[in-house]
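Asker: Structure file entry07.txt (compact mmCIF, C-alpha atoms) right here:
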# COMPACT_ATOMS: atom_id res chain seq x y z
CA MET A 731 0.00 0.00 0.00
CA SER A 732 1.15 3.55 -0.72
CA THR A 733 -1.02 5.53 1.69
CA GLU A 734 1.87 7.75 2.65
CA ARG A 735 1.56 9.38 -0.79
CA LEU A 736 -2.17 9.94 -0.44
CA LEU A 737 -2.24 13.51 0.91
CA LEU A 738 -5.59 14.25 2.51
CA SER A 739 -7.33 17.53 3.25
CA ASP A 740 -9.62 17.80 6.27
CA LYS A 741 -12.63 17.37 4.01
CA TYR A 742 -11.28 14.15 2.49
CA LYS A 743 -10.51 12.87 5.99
CA ALA A 744 -14.14 13.56 6.92
CA PHE A 745 -15.22 11.74 3.77
CA LEU A 746 -13.17 8.68 4.67
CA HIS A 747 -14.75 8.55 8.12
CA CYS A 748 -18.31 9.08 6.87
CA GLY A 749 -20.55 6.01 7.22
CA ALA A 750 -23.23 6.94 4.67
CA PRO A 751 -24.86 4.15 2.59
CA VAL A 752 -24.86 6.28 -0.59
CA GLU A 753 -22.28 8.93 -1.52
CA PHE A 754 -21.93 11.13 -4.59
CA LEU A 755 -18.60 12.87 -5.25
CA GLU A 756 -19.07 15.90 -7.51
CA GLY A 757 -16.79 18.80 -8.31
CA THR A 758 -14.04 20.24 -10.47
CA THR A 759 -11.61 18.31 -12.60
CA ALA A 760 -8.39 17.18 -10.86
CA ALA A 761 -10.02 17.43 -7.43
CA GLY A 762 -8.90 13.95 -6.37
CA LYS A 763 -12.40 12.46 -6.30
CA THR A 764 -11.43 9.20 -8.01
CA THR A 765 -8.16 8.77 -6.12
CA VAL A 766 -9.61 9.12 -2.63
CA GLY A 767 -12.95 7.61 -3.57
CA LEU A 768 -11.33 4.37 -4.75
CA PHE A 769 -9.34 4.08 -1.55
CA LYS A 770 -12.50 4.34 0.54
CA PHE A 771 -14.37 1.97 -1.77
CA MET A 772 -11.77 -0.72 -1.25
CA LEU A 773 -11.98 -0.25 2.53
CA LYS A 774 -15.76 -0.62 2.31
CA VAL A 775 -15.32 -3.82 0.28
CA ALA A 776 -12.98 -5.19 2.94
CA GLU A 777 -15.55 -4.43 5.66
CA SER A 778 -18.50 -5.87 3.75
CA PRO A 779 -19.83 -9.30 4.75
CA LYS A 780 -20.61 -9.99 1.08
CA LYS A 781 -18.09 -11.58 -1.27
CA LEU A 782 -19.23 -10.03 -4.57
CA HIS A 783 -18.91 -6.35 -5.50
CA ILE A 784 -19.00 -4.19 -8.66
CA LEU A 785 -16.71 -1.50 -10.05
CA ALA A 786 -18.23 0.18 -13.13
CA ALA A 787 -16.79 2.51 -15.75
CA ASP A 788 -17.62 3.29 -19.38
CA ASP A 789 -15.74 0.15 -20.46
CA THR A 790 -13.12 -2.19 -19.04
CA GLY A 791 -10.34 -0.33 -20.89
CA ALA A 792 -11.29 2.92 -19.15
CA ALA A 793 -11.46 1.10 -15.81
CA GLU A 794 -7.99 -0.35 -16.31
CA LYS A 795 -6.48 3.00 -17.35
CA ASN A 796 -8.25 5.40 -14.96
CA ILE A 797 -8.97 3.24 -11.93
CA ILE A 798 -6.98 0.02 -11.67
CA ASN A 799 -3.53 0.78 -13.11
CA LYS A 800 -3.16 4.54 -12.60
CA ASP A 801 -0.86 6.17 -10.06
CA LEU A 802 -2.60 5.91 -6.70
CA GLY A 803 -5.07 3.56 -8.35
CA ILE A 804 -6.17 0.25 -6.87
CA LEU A 805 -3.05 -1.78 -7.71
CA ASP A 806 -0.75 1.03 -6.64
CA ASP A 807 -2.58 1.56 -3.34
CA PHE A 808 -3.10 -2.06 -2.34
CA GLY A 809 -0.18 -3.85 -4.01
CA VAL A 810 0.01 -7.59 -3.37
CA LEU A 811 -3.39 -7.55 -1.67
CA VAL A 812 -5.08 -7.22 -5.08
CA GLU A 813 -4.90 -9.31 -8.26
CA TYR A 814 -6.48 -8.15 -11.51
CA LYS A 815 -7.86 -10.83 -13.81
CA GLY A 816 -8.61 -8.94 -17.00
CA ASN A 817 -9.69 -12.05 -18.87
CA GLY A 818 -11.45 -13.67 -15.96
CA SER A 819 -10.26 -16.75 -14.10
CA GLY A 820 -11.59 -19.89 -12.53
CA GLU A 821 -15.20 -19.54 -11.44
CA TYR A 822 -15.61 -16.01 -12.80
CA LYS A 823 -15.21 -15.53 -16.55
CA MET A 824 -15.62 -11.75 -16.68
CA PRO A 825 -12.90 -9.25 -15.71
CA HIS A 826 -12.54 -8.97 -11.96
CA LEU A 827 -10.28 -8.05 -9.06
CA ILE A 828 -9.45 -10.47 -6.27
CA PHE A 829 -8.98 -8.56 -3.01
CA HIS A 830 -7.29 -10.57 -0.26
CA THR A 831 -8.70 -9.36 3.07
CA THR A 832 -8.71 -10.61 6.65
CA GLY A 833 -12.35 -11.57 6.05
CA GLY A 834 -11.45 -13.73 3.06
CA ASP A 835 -11.09 -13.05 -0.64
CA LYS A 836 -13.48 -10.50 -2.14
CA ILE A 837 -14.41 -10.47 -5.84
CA ILE A 838 -14.92 -7.09 -7.53
CA PHE A 839 -16.40 -7.44 -11.01
CA VAL A 840 -15.20 -4.80 -13.49
CA VAL A 841 -18.21 -3.81 -15.57
CA GLY A 842 -18.48 -1.51 -18.59
CA TYR A 843 -21.79 0.35 -18.52
CA GLY A 844 -21.26 1.51 -22.12
CA ASN A 845 -22.14 -1.94 -23.50
CA ARG A 846 -25.73 -2.79 -22.56
CA ARG A 847 -25.49 -6.46 -23.57
CA LYS A 848 -22.41 -7.05 -21.44
CA TRP A 849 -23.65 -5.29 -18.33
CA LYS A 850 -27.03 -6.98 -18.52
CA ASP A 851 -25.19 -10.31 -18.56
CA ALA A 852 -23.04 -9.20 -15.63
CA LEU A 853 -25.82 -8.13 -13.28
CA GLY A 854 -27.60 -10.73 -11.22
CA GLY A 855 -28.06 -11.39 -7.55
CA GLN A 856 -27.04 -9.02 -4.78
CA TYR A 857 -23.73 -7.24 -4.22
CA GLY A 858 -21.99 -5.60 -1.31
CA CYS A 859 -20.40 -2.41 -2.68
CA LEU A 860 -20.95 -0.62 -5.98
CA TYR A 861 -18.61 2.02 -7.41
CA ILE A 862 -19.74 3.92 -10.53
CA ASP A 863 -17.13 6.11 -12.20
CA GLU A 864 -18.52 9.26 -13.86
CA ILE A 865 -22.12 8.32 -13.15
CA ASN A 866 -23.29 11.33 -15.18
CA THR A 867 -22.20 9.51 -18.36
CA ALA A 868 -23.56 6.09 -17.36
CA ASP A 869 -26.51 4.35 -18.99
CA ILE A 870 -29.38 5.29 -16.68
CA ASP A 871 -30.82 1.78 -16.98
CA PHE A 872 -27.53 0.39 -15.69
CA VAL A 873 -27.63 2.79 -12.73
CA ARG A 874 -31.18 1.72 -11.90
CA GLU A 875 -30.42 -2.00 -12.17
CA ALA A 876 -27.13 -1.87 -10.30
CA ALA A 877 -28.12 0.54 -7.52
CA MET A 878 -30.98 -1.66 -6.36
CA ARG A 879 -28.63 -4.62 -5.92
CA CYS A 880 -26.03 -3.13 -3.56
CA ASP A 881 -25.65 -2.36 0.13
CA TYR A 882 -23.30 0.59 -0.43
CA LEU A 883 -23.09 2.92 -3.44
CA MET A 884 -20.33 5.39 -4.26
CA ALA A 885 -20.36 7.39 -7.49
CA THR A 886 -18.10 10.09 -8.87
CA LEU A 887 -19.29 12.65 -11.37
CA ASN A 888 -18.02 15.60 -13.29
CA THR A 889 -20.62 18.34 -13.49
CA ASP A 890 -22.87 17.93 -16.51
CA ASP A 891 -26.25 18.85 -17.97
CA PRO A 892 -28.50 19.06 -14.88
CA ASN A 893 -31.42 17.89 -17.00
CA LEU A 894 -30.04 14.34 -17.10
CA ALA A 895 -32.28 11.74 -15.44
CA VAL A 896 -29.50 10.62 -13.09
CA TYR A 897 -29.69 13.97 -11.28
CA GLN A 898 -33.43 13.82 -10.67
CA GLU A 899 -33.52 10.11 -9.84
CA TYR A 900 -30.37 9.83 -7.73
CA ILE A 901 -27.91 12.67 -7.15
CA ASN A 902 -30.40 15.41 -6.23
CA HIS A 903 -31.82 13.21 -3.46
CA SER A 904 -28.52 13.56 -1.56
CA ARG A 905 -27.46 16.44 0.69
CA PRO A 906 -24.13 17.84 1.93
CA LEU A 907 -23.27 17.28 5.57
CA PRO A 908 -24.09 20.48 7.51
CA GLU A 909 -20.45 21.24 8.32
CA TRP A 910 -19.49 21.16 4.63
CA GLU A 911 -22.61 22.67 3.10
CA VAL A 912 -21.12 26.14 2.68
CA GLU A 913 -18.38 24.70 0.43
CA THR A 914 -20.97 23.41 -2.03
CA PRO A 915 -21.69 26.13 -4.65
CA LYS A 916 -25.12 27.69 -4.23
CA GLU A 917 -26.00 26.76 -7.81
CA ILE A 918 -25.57 23.08 -6.94
CA ARG A 919 -27.26 23.38 -3.53
CA ASP A 920 -30.27 24.82 -5.33
CA GLU A 921 -30.36 21.74 -7.57
CA LEU A 922 -30.32 19.29 -4.63
CA LYS A 923 -34.05 19.69 -4.17
CA GLU A 924 -35.51 16.22 -4.68
CA GLU A 925 -36.92 14.50 -1.61
CA PRO A 926 -33.93 13.74 0.64
CA LYS A 927 -33.20 10.05 1.17
CA PRO A 928 -31.96 8.95 4.59
CA GLY A 929 -28.18 8.95 4.80
CA TRP A 930 -27.53 9.92 1.18
CA VAL A 931 -24.56 12.34 1.21
CA HIS A 932 -23.40 14.75 -1.48
CA TRP A 933 -19.73 15.75 -1.47
CA PHE A 934 -18.35 18.67 -3.47
CA PHE A 935 -14.59 18.65 -4.01
CA SER A 936 -12.45 21.26 -5.75
CA PHE A 937 -8.75 21.87 -6.43
CA ALA A 938 -8.44 23.20 -2.88
CA HIS A 939 -9.15 19.75 -1.45
CA ASN A 940 -6.55 17.95 -3.58
CA LEU A 941 -3.37 18.46 -1.55
CA GLY A 942 -1.46 16.21 -3.92
CA LEU A 943 -2.08 18.40 -6.98
CA PRO A 944 1.18 20.18 -7.96
CA ALA A 945 0.80 23.94 -8.32
CA GLU A 946 2.30 23.88 -11.83
CA LYS A 947 -0.24 21.29 -12.99
CA LEU A 948 -3.14 23.32 -11.61
CA GLU A 949 -1.76 26.44 -13.30
CA ARG A 950 -1.50 24.55 -16.60
CA ILE A 951 -5.10 23.24 -16.34
CA ILE A 952 -6.43 26.74 -15.68
CA ARG A 953 -4.24 28.35 -18.37
CA ASN A 954 -5.32 25.83 -21.01
CA THR A 955 -9.06 26.21 -20.35
CA PRO A 956 -10.76 29.16 -22.10
CA LYS A 957 -12.19 31.48 -19.47
CA GLY A 958 -15.88 32.30 -19.72
CA THR A 959 -16.75 29.13 -21.65
CA LYS A 960 -19.04 26.37 -20.42
CA ILE A 961 -16.07 23.98 -20.11
CA TRP A 962 -14.55 26.55 -17.70
CA LYS A 963 -17.79 26.52 -15.77
CA ASN A 964 -17.90 22.70 -15.66
CA LYS A 965 -14.26 21.82 -15.12
CA ILE A 966 -12.78 24.81 -13.29
CA GLU A 967 -15.74 26.10 -11.28
CA GLY A 968 -17.38 22.68 -10.91
CA LEU A 969 -20.83 23.99 -11.83
CA ARG A 970 -23.46 22.05 -13.72
CA GLY A 971 -24.54 22.90 -17.25
CA LYS A 972 -24.13 21.48 -20.73
CA ALA A 973 -20.61 22.05 -21.99
CA THR A 974 -21.50 22.27 -25.67
CA GLY A 975 -24.43 23.35 -27.82
CA LEU A 976 -25.73 26.01 -25.44
CA ILE A 977 -27.76 28.81 -26.98
CA PHE A 978 -26.71 31.40 -24.38
CA PRO A 979 -23.09 30.46 -23.56
CA ASN A 980 -22.27 34.06 -22.68
CA PHE A 981 -24.73 34.17 -19.77
CA ASP A 982 -22.58 34.35 -16.65
CA ARG A 983 -24.27 34.21 -13.25
CA LYS A 984 -21.49 36.28 -11.70
CA LYS A 985 -22.15 39.11 -14.17
CA HIS A 986 -25.83 38.83 -14.99
CA VAL A 987 -27.55 37.70 -11.79
CA VAL A 988 -28.58 40.32 -9.23
CA THR A 989 -30.63 40.38 -6.04
CA ALA A 990 -33.99 42.06 -5.62
CA ALA A 991 -32.44 44.12 -2.81
CA TRP A 992 -29.77 45.43 -5.21
CA VAL A 993 -32.43 46.41 -7.75
CA ARG A 994 -34.44 48.28 -5.09
CA GLN A 995 -31.28 50.03 -3.90
CA GLN A 996 -30.49 51.20 -7.45
CA VAL A 997 -33.99 52.61 -7.78
CA GLU A 998 -33.90 54.28 -4.35
CA THR A 999 -30.56 55.96 -5.05
CA GLY A 1000 -31.62 57.05 -8.51
CA ALA A 1001 -28.93 54.96 -10.21
CA PHE A 1002 -31.64 53.91 -12.61
CA ARG A 1003 -35.39 53.98 -12.90
CA PHE A 1004 -37.89 51.76 -14.62
CA LYS A 1005 -39.47 52.99 -17.83
CA LYS A 1006 -41.73 50.02 -18.58
CA PHE A 1007 -42.96 46.86 -16.87
CA SER A 1008 -44.14 43.85 -18.83
CA ALA A 1009 -45.07 40.21 -18.31
CA GLY A 1010 -45.36 37.06 -20.36
CA LEU A 1011 -47.18 33.75 -19.97
CA ASP A 1012 -46.20 30.50 -21.71
CA THR A 1013 -48.55 27.56 -21.23
CA SER A 1014 -48.80 23.81 -21.67
CA TYR A 1015 -51.27 21.57 -19.89
CA SER A 1016 -49.79 18.09 -20.33
CA SER A 1017 -49.75 15.98 -17.16
CA ARG A 1018 -47.53 13.32 -18.76
CA SER A 1019 -44.49 15.42 -19.67
CA PRO A 1020 -42.32 18.18 -18.19
CA ASP A 1021 -44.36 20.81 -20.05
CA THR A 1022 -44.66 23.92 -17.95
CA ILE A 1023 -46.89 26.91 -17.25
CA ALA A 1024 -44.41 29.77 -16.91
CA MET A 1025 -45.08 33.36 -15.80
CA VAL A 1026 -42.36 36.02 -16.03
CA PHE A 1027 -42.46 39.64 -14.82
CA GLN A 1028 -39.78 42.05 -15.98
CA GLY A 1029 -38.85 45.71 -16.08
CA ILE A 1030 -37.03 47.86 -18.62
CA THR A 1031 -34.90 50.67 -17.26
CA THR A 1032 -34.25 54.10 -18.71
CA ASP A 1033 -30.64 53.04 -19.33
CA ARG A 1034 -31.93 50.27 -21.64
CA ARG A 1035 -31.53 47.25 -19.38
CA LEU A 1036 -34.06 44.44 -19.15
CA ILE A 1037 -34.33 42.92 -15.66
CA VAL A 1038 -36.25 39.68 -15.10
CA LEU A 1039 -37.73 40.45 -11.69
CA ASP A 1040 -39.99 37.52 -10.87
CA GLU A 1041 -41.30 34.21 -12.12
CA LYS A 1042 -43.84 31.59 -11.20
CA VAL A 1043 -43.60 28.12 -12.70
CA TYR A 1044 -46.06 25.23 -12.55
CA ASN A 1045 -45.70 21.72 -13.95
CA ASN A 1046 -48.94 19.77 -14.24
CA ALA A 1047 -47.03 16.50 -13.99
CA ASP A 1048 -46.09 17.51 -10.41
CA LEU A 1049 -49.59 18.53 -9.31
CA ASP A 1050 -52.21 16.25 -7.74
CA LYS A 1051 -54.89 18.43 -9.35
CA PRO A 1052 -53.57 19.65 -12.75
CA LEU A 1053 -54.22 23.27 -13.67
CA ALA A 1054 -56.88 24.09 -16.24
CA PRO A 1055 -56.97 27.35 -18.25
CA SER A 1056 -59.44 28.85 -15.74
CA ASP A 1057 -56.99 28.10 -12.90
CA THR A 1058 -54.16 29.71 -14.85
CA ALA A 1059 -56.22 32.86 -15.35
CA GLN A 1060 -56.62 33.29 -11.60
CA LYS A 1061 -52.99 32.45 -10.81
CA PHE A 1062 -51.59 34.74 -13.51
CA THR A 1063 -53.72 37.64 -12.31
CA ALA A 1064 -52.57 37.05 -8.72
CA PHE A 1065 -48.97 36.96 -9.99
CA LEU A 1066 -49.45 40.30 -11.73
CA ASP A 1067 -51.13 41.83 -8.67
CA ARG A 1068 -48.24 40.79 -6.43
CA ASN A 1069 -45.64 42.27 -8.76
CA GLN A 1070 -47.68 45.44 -9.28
CA ALA A 1071 -47.47 45.98 -5.53
CA GLU A 1072 -43.79 45.00 -5.42
CA TRP A 1073 -42.44 46.75 -8.54
CA GLY A 1074 -45.03 48.53 -10.64
CA LEU A 1075 -47.86 48.12 -13.11
CA ALA A 1076 -47.55 46.01 -16.25
CA LYS A 1077 -50.84 47.05 -17.88
CA ASP A 1078 -50.28 45.18 -21.14
CA VAL A 1079 -49.25 41.54 -20.70
CA PHE A 1080 -48.63 38.93 -23.35
CA VAL A 1081 -49.89 35.35 -23.53
CA ASP A 1082 -48.89 32.43 -25.75
CA SER A 1083 -51.07 33.03 -28.80
CA ALA A 1084 -51.23 29.30 -29.49
CA ASP A 1085 -53.28 28.89 -26.32
CA GLN A 1086 -56.56 30.58 -27.10
CA ALA A 1087 -58.29 28.67 -24.29
CA THR A 1088 -56.23 30.46 -21.63
CA ILE A 1089 -56.58 33.83 -23.38
CA THR A 1090 -60.34 33.35 -23.44
CA GLU A 1091 -60.35 32.53 -19.72
CA LEU A 1092 -58.20 35.58 -18.93
CA ARG A 1093 -60.49 37.91 -20.84
CA LYS A 1094 -63.50 36.30 -19.18
CA TYR A 1095 -61.85 36.89 -15.79
CA LYS A 1096 -61.31 40.55 -16.73
CA ARG A 1097 -64.99 40.98 -17.66
CA LEU A 1098 -66.20 39.36 -14.45
CA HIS A 1099 -63.73 40.95 -12.04
CA GLY A 1100 -62.77 44.18 -13.77
CA CYS A 1101 -59.01 43.74 -13.43
CA ILE A 1102 -56.70 46.40 -14.88
CA TYR A 1103 -54.62 44.21 -17.19
CA ASN A 1104 -54.91 43.89 -20.95
CA PHE A 1105 -54.32 40.27 -21.98
CA LEU A 1106 -52.80 40.34 -25.46
CA ASP A 1107 -51.71 37.65 -27.88
CA ALA A 1108 -47.94 37.23 -27.92
CA TYR A 1109 -46.33 38.62 -31.06
CA LYS A 1110 -44.68 35.65 -32.78
CA ALA A 1111 -43.81 37.17 -36.13
CA LEU A 1112 -40.32 37.80 -34.76
CA SER A 1113 -38.60 34.48 -35.43
CA ILE A 1114 -37.04 32.41 -32.67
CA ILE A 1115 -33.61 32.89 -34.25
CA ASP A 1116 -34.03 36.68 -34.26
CA ARG A 1117 -35.13 36.58 -30.62
CA ILE A 1118 -32.02 34.59 -29.73
CA LYS A 1119 -29.76 37.02 -31.60
CA LEU A 1120 -31.23 39.97 -29.74
CA GLN A 1121 -30.94 38.24 -26.38
CA LEU A 1122 -27.33 37.17 -27.01
CA GLY A 1123 -26.44 40.77 -27.83
CA TRP A 1124 -28.12 42.14 -24.70
CA ILE A 1125 -26.36 39.58 -22.52
CA GLN A 1126 -23.03 40.55 -24.07
CA GLN A 1127 -23.76 44.24 -23.40
CA GLY A 1128 -24.75 43.54 -19.79
CA CYS A 1129 -28.31 44.63 -20.56
CA TYR A 1130 -30.06 41.35 -19.63
CA LEU A 1131 -30.15 40.78 -15.87
CA VAL A 1132 -32.03 38.20 -13.80
CA VAL A 1133 -33.00 38.39 -10.12
CA ASP A 1134 -31.52 35.41 -8.28
CA THR A 1135 -34.89 34.08 -7.06
CA CYS A 1136 -35.89 33.25 -10.66
CA ALA A 1137 -34.45 29.74 -10.41
CA GLY A 1138 -36.49 28.34 -13.30
CA HIS A 1139 -35.31 31.01 -15.72
CA LEU A 1140 -31.70 30.70 -14.60
CA GLY A 1141 -31.86 26.93 -15.04
CA GLU A 1142 -33.21 27.25 -18.57
CA LEU A 1143 -30.56 29.80 -19.53
CA ASP A 1144 -28.00 27.19 -18.43
CA ARG A 1145 -29.67 24.38 -20.43
CA TYR A 1146 -31.42 25.78 -23.51
CA SER A 1147 -29.52 24.16 -26.38
CA TRP A 1148 -29.27 23.68 -30.13
CA GLN A 1149 -30.41 20.40 -31.65
CA GLU A 1150 -27.44 18.14 -32.36
CA ASP A 1151 -28.50 17.33 -35.94
CA LYS A 1152 -30.17 20.57 -36.93
CA ASP A 1153 -29.49 24.31 -36.71
CA ALA A 1154 -32.56 24.93 -34.59
CA PRO A 1155 -33.20 25.12 -30.83
CA GLU A 1156 -34.39 22.07 -28.95
CA ASP A 1157 -38.07 22.14 -28.04
CA LYS A 1158 -37.40 22.00 -24.30
CA ASN A 1159 -35.90 24.05 -21.46
CA ASP A 1160 -37.52 27.13 -22.98
CA HIS A 1161 -40.77 27.88 -21.12
CA THR A 1162 -39.62 30.83 -19.01
CA ILE A 1163 -37.45 31.91 -21.94
CA ASN A 1164 -40.55 32.02 -24.15
CA ALA A 1165 -42.51 33.87 -21.46
CA SER A 1166 -39.72 36.42 -21.11
CA GLN A 1167 -39.57 36.89 -24.88
CA TYR A 1168 -43.33 37.40 -25.13
CA GLY A 1169 -42.95 40.17 -22.56
CA TRP A 1170 -40.05 42.02 -24.19
CA ILE A 1171 -40.75 41.58 -27.92
CA PRO A 1172 -43.09 44.62 -28.13
CA TYR A 1173 -40.51 46.76 -26.33
CA ARG A 1174 -37.30 45.44 -27.87
CA ALA A 1175 -36.43 48.88 -29.27
CA LEU A 1176 -36.06 50.08 -25.66
CA ILE A 1177 -33.42 47.46 -24.74
CA GLY A 1178 -29.68 47.32 -25.45
CA PHE A 1179 -27.54 49.50 -27.64
CA GLU A 1180 -27.29 49.53 -31.40
CA GLU A 1181 -23.78 48.95 -32.70
CA GLU A 1182 -23.34 52.41 -34.20
CA LYS A 1183 -24.46 54.07 -30.94
CA ARG A 1184 -21.84 52.19 -28.95
CA LYS A 1185 -18.93 53.31 -31.09
As a first step, turn the structure in this file into structure tokens.

Answerer:
Amino acid sequence: MSTERLLLSDKYKAFLHCGAPVEFLEGTTAAGKTTVGLFKFMLKVAESPKKLHILAADDTGAAEKNIINKDLGILDDFGVLVEYKGNGSGEYKMPHLIFHTTGGDKIIFVVGYGNRRKWKDALGGQYGCLYIDEINTADIDFVREAAMRCDYLMATLNTDDPNLAVYQEYINHSRPLPEWEVETPKEIRDELKEEPKPGWVHWFFSFAHNLGLPAEKLERIIRNTPKGTKIWKNKIEGLRGKATGLIFPNFDRKKHVVTAAWVRQQVETGAFRFKKFSAGLDTSYSSRSPDTIAMVFQGITTDRRLIVLDEKVYNNADLDKPLAPSDTAQKFTAFLDRNQAEWGLAKDVFVDSADQATITELRKYKRLHGCIYNFLDAYKALSIIDRIKLQLGWIQQGCYLVVDTCAGHLGELDRYSWQEDKDAPEDKNDHTINASQYGWIPYRALIGFEEEKRK
């Protein structure tokens, strides 16, 4: 064993002593997650009363290179205590490790989750410990099948598209330990919102926790990663979000997200004032899909900035009693009333013109209750591509800001992507984006700066 070379921060020491049944290790690149995680996994295997265990990676070649044979990998750490049988041996024909422990020999099957036929053949019965390398890239069916068969689960992951099923079904059910919660970025803490499962722990590790990372290597990693790109966000900051294909890659939470208190302060001090308030409503009433009813309230300042001030998002799939158009009419009016009291009056508001049922209900509500709002059909003659071009320009100019409580809108800005096989946006992760666009399209001439005026 080479434990004297395994330099441990206080957080990694706490991780090694943690007795959780399920642990997810998320964070930046080169944070030491795999190195320390493997060491703990092997200790858990040694402690387990079961003989059979699973170590999973994309394929056996990746497992051999990145887990078994690497510096401070399994063979390096445990030396003569471990034998690797890449072609199988004796009773077990698939690749496996034999771990000689005081409790007898343990068998750790090496499984590639990238080949469905092979992993389906490999799974059967119950296992003690399960390690999944880069679970964010794993076949979700493999995760489901394997996770239900183990006593202890450890998984590493590099931050990825938070829309992946593995986040909703597994990772977001875990929570940081209270003493380490502050070290988990707020953006990730906000994502860990699924019903917590007893004992499931989320660990966030960064460069700061990898005491064995040479300073020159860290400097090289940072120098060779383009700042401001999504790969910088994923690998260097350890934040979730698709690395490629994003429609708004220039949206930066550090630059473009503000607090409601900051906005009020700017108004109170006269730093800016609002010229126009507007609101948009995008609707879908499916109870079998993630389709969403999205309400967005926003203000346009005299210095040509658009600020998304508030949102309200409903998903019929999450509701015991799905919303009907008549329900939406009441909820949208209440949303507008609340923001009128908080910020100001948006007299003209814009509703998805494809949803005439909701528009009819809104106008009926106005007749019956005499509300002050004009419910207008959204103007869709401006193409989606032209809307995107405008929004990209405003973001670049610092003229598109979002209040930090608008979690749905921020999440969509991080996920809204181009189709892989077509130069068109995907038809998802766009409900609050559509609602925002409906609200600003009629007033787009009041936002941002034309090129010739900026010269």

Asker: For Asp881 in chain A, which residue out of A:Lys1006, A:Lys916, A:Lys780, A:His1139 is the nearest one, using all atoms listed in the file?

Answerer: A:Lys780

Asker: Using all atoms listed in the file, find the one residue out of A:Phe839, A:Thr1032, A:Arg1068, A:Ala776 that sits nearest to Ser819 in chain A.

Answerer: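 Nearest candidate to Ser819 in chain A out of A:Phe839, A:Thr1032, A:Arg1068, A:Ala776: A:Phe839.
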
Asker: Find the distance between CA of His986 in chain A and CA of Leu1131 in chain A and write it in Å to one decimal.

Answerer: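 Between CA of His986 in chain A and CA of Leu1131 in chain A the gap is 4.8 Å.
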
Asker: Nearest to Trp930 in chain A among A:Leu943, A:Ile1163, A:Leu785, A:Ala885, with distances taken over only C-alpha atoms: which residue is it?

Answerer: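 The closest residue to Trp930 in chain A is A:Ala885.
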
Asker: Quick one: residues within 10 Å of Leu883 in chain A, only C-alpha atoms, excluding same-chain residues fewer than 3 positions away - as number ranges by chain?

Answerer: A: 750-754, 771, 774, 784, 858-862, 876-880, 930

Asker: Could you check which of A:Gly942, A:His783, A:Ser936, A:Tyr900 is closest to Leu922 in chain A, using only C-alpha atoms?

Answerer: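 Selected residue with least distance to Leu922 in chain A: A:Tyr900.
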
Asker: Looking at A:Asp806, A:Asp1134, A:Asp1085, A:Glu1041, which one is nearest to Lys984 in chain A, with distances taken over all atoms listed in the file?

Answerer: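 Ranked by minimum distance to Lys984 in chain A, first place goes to A:Asp1134.
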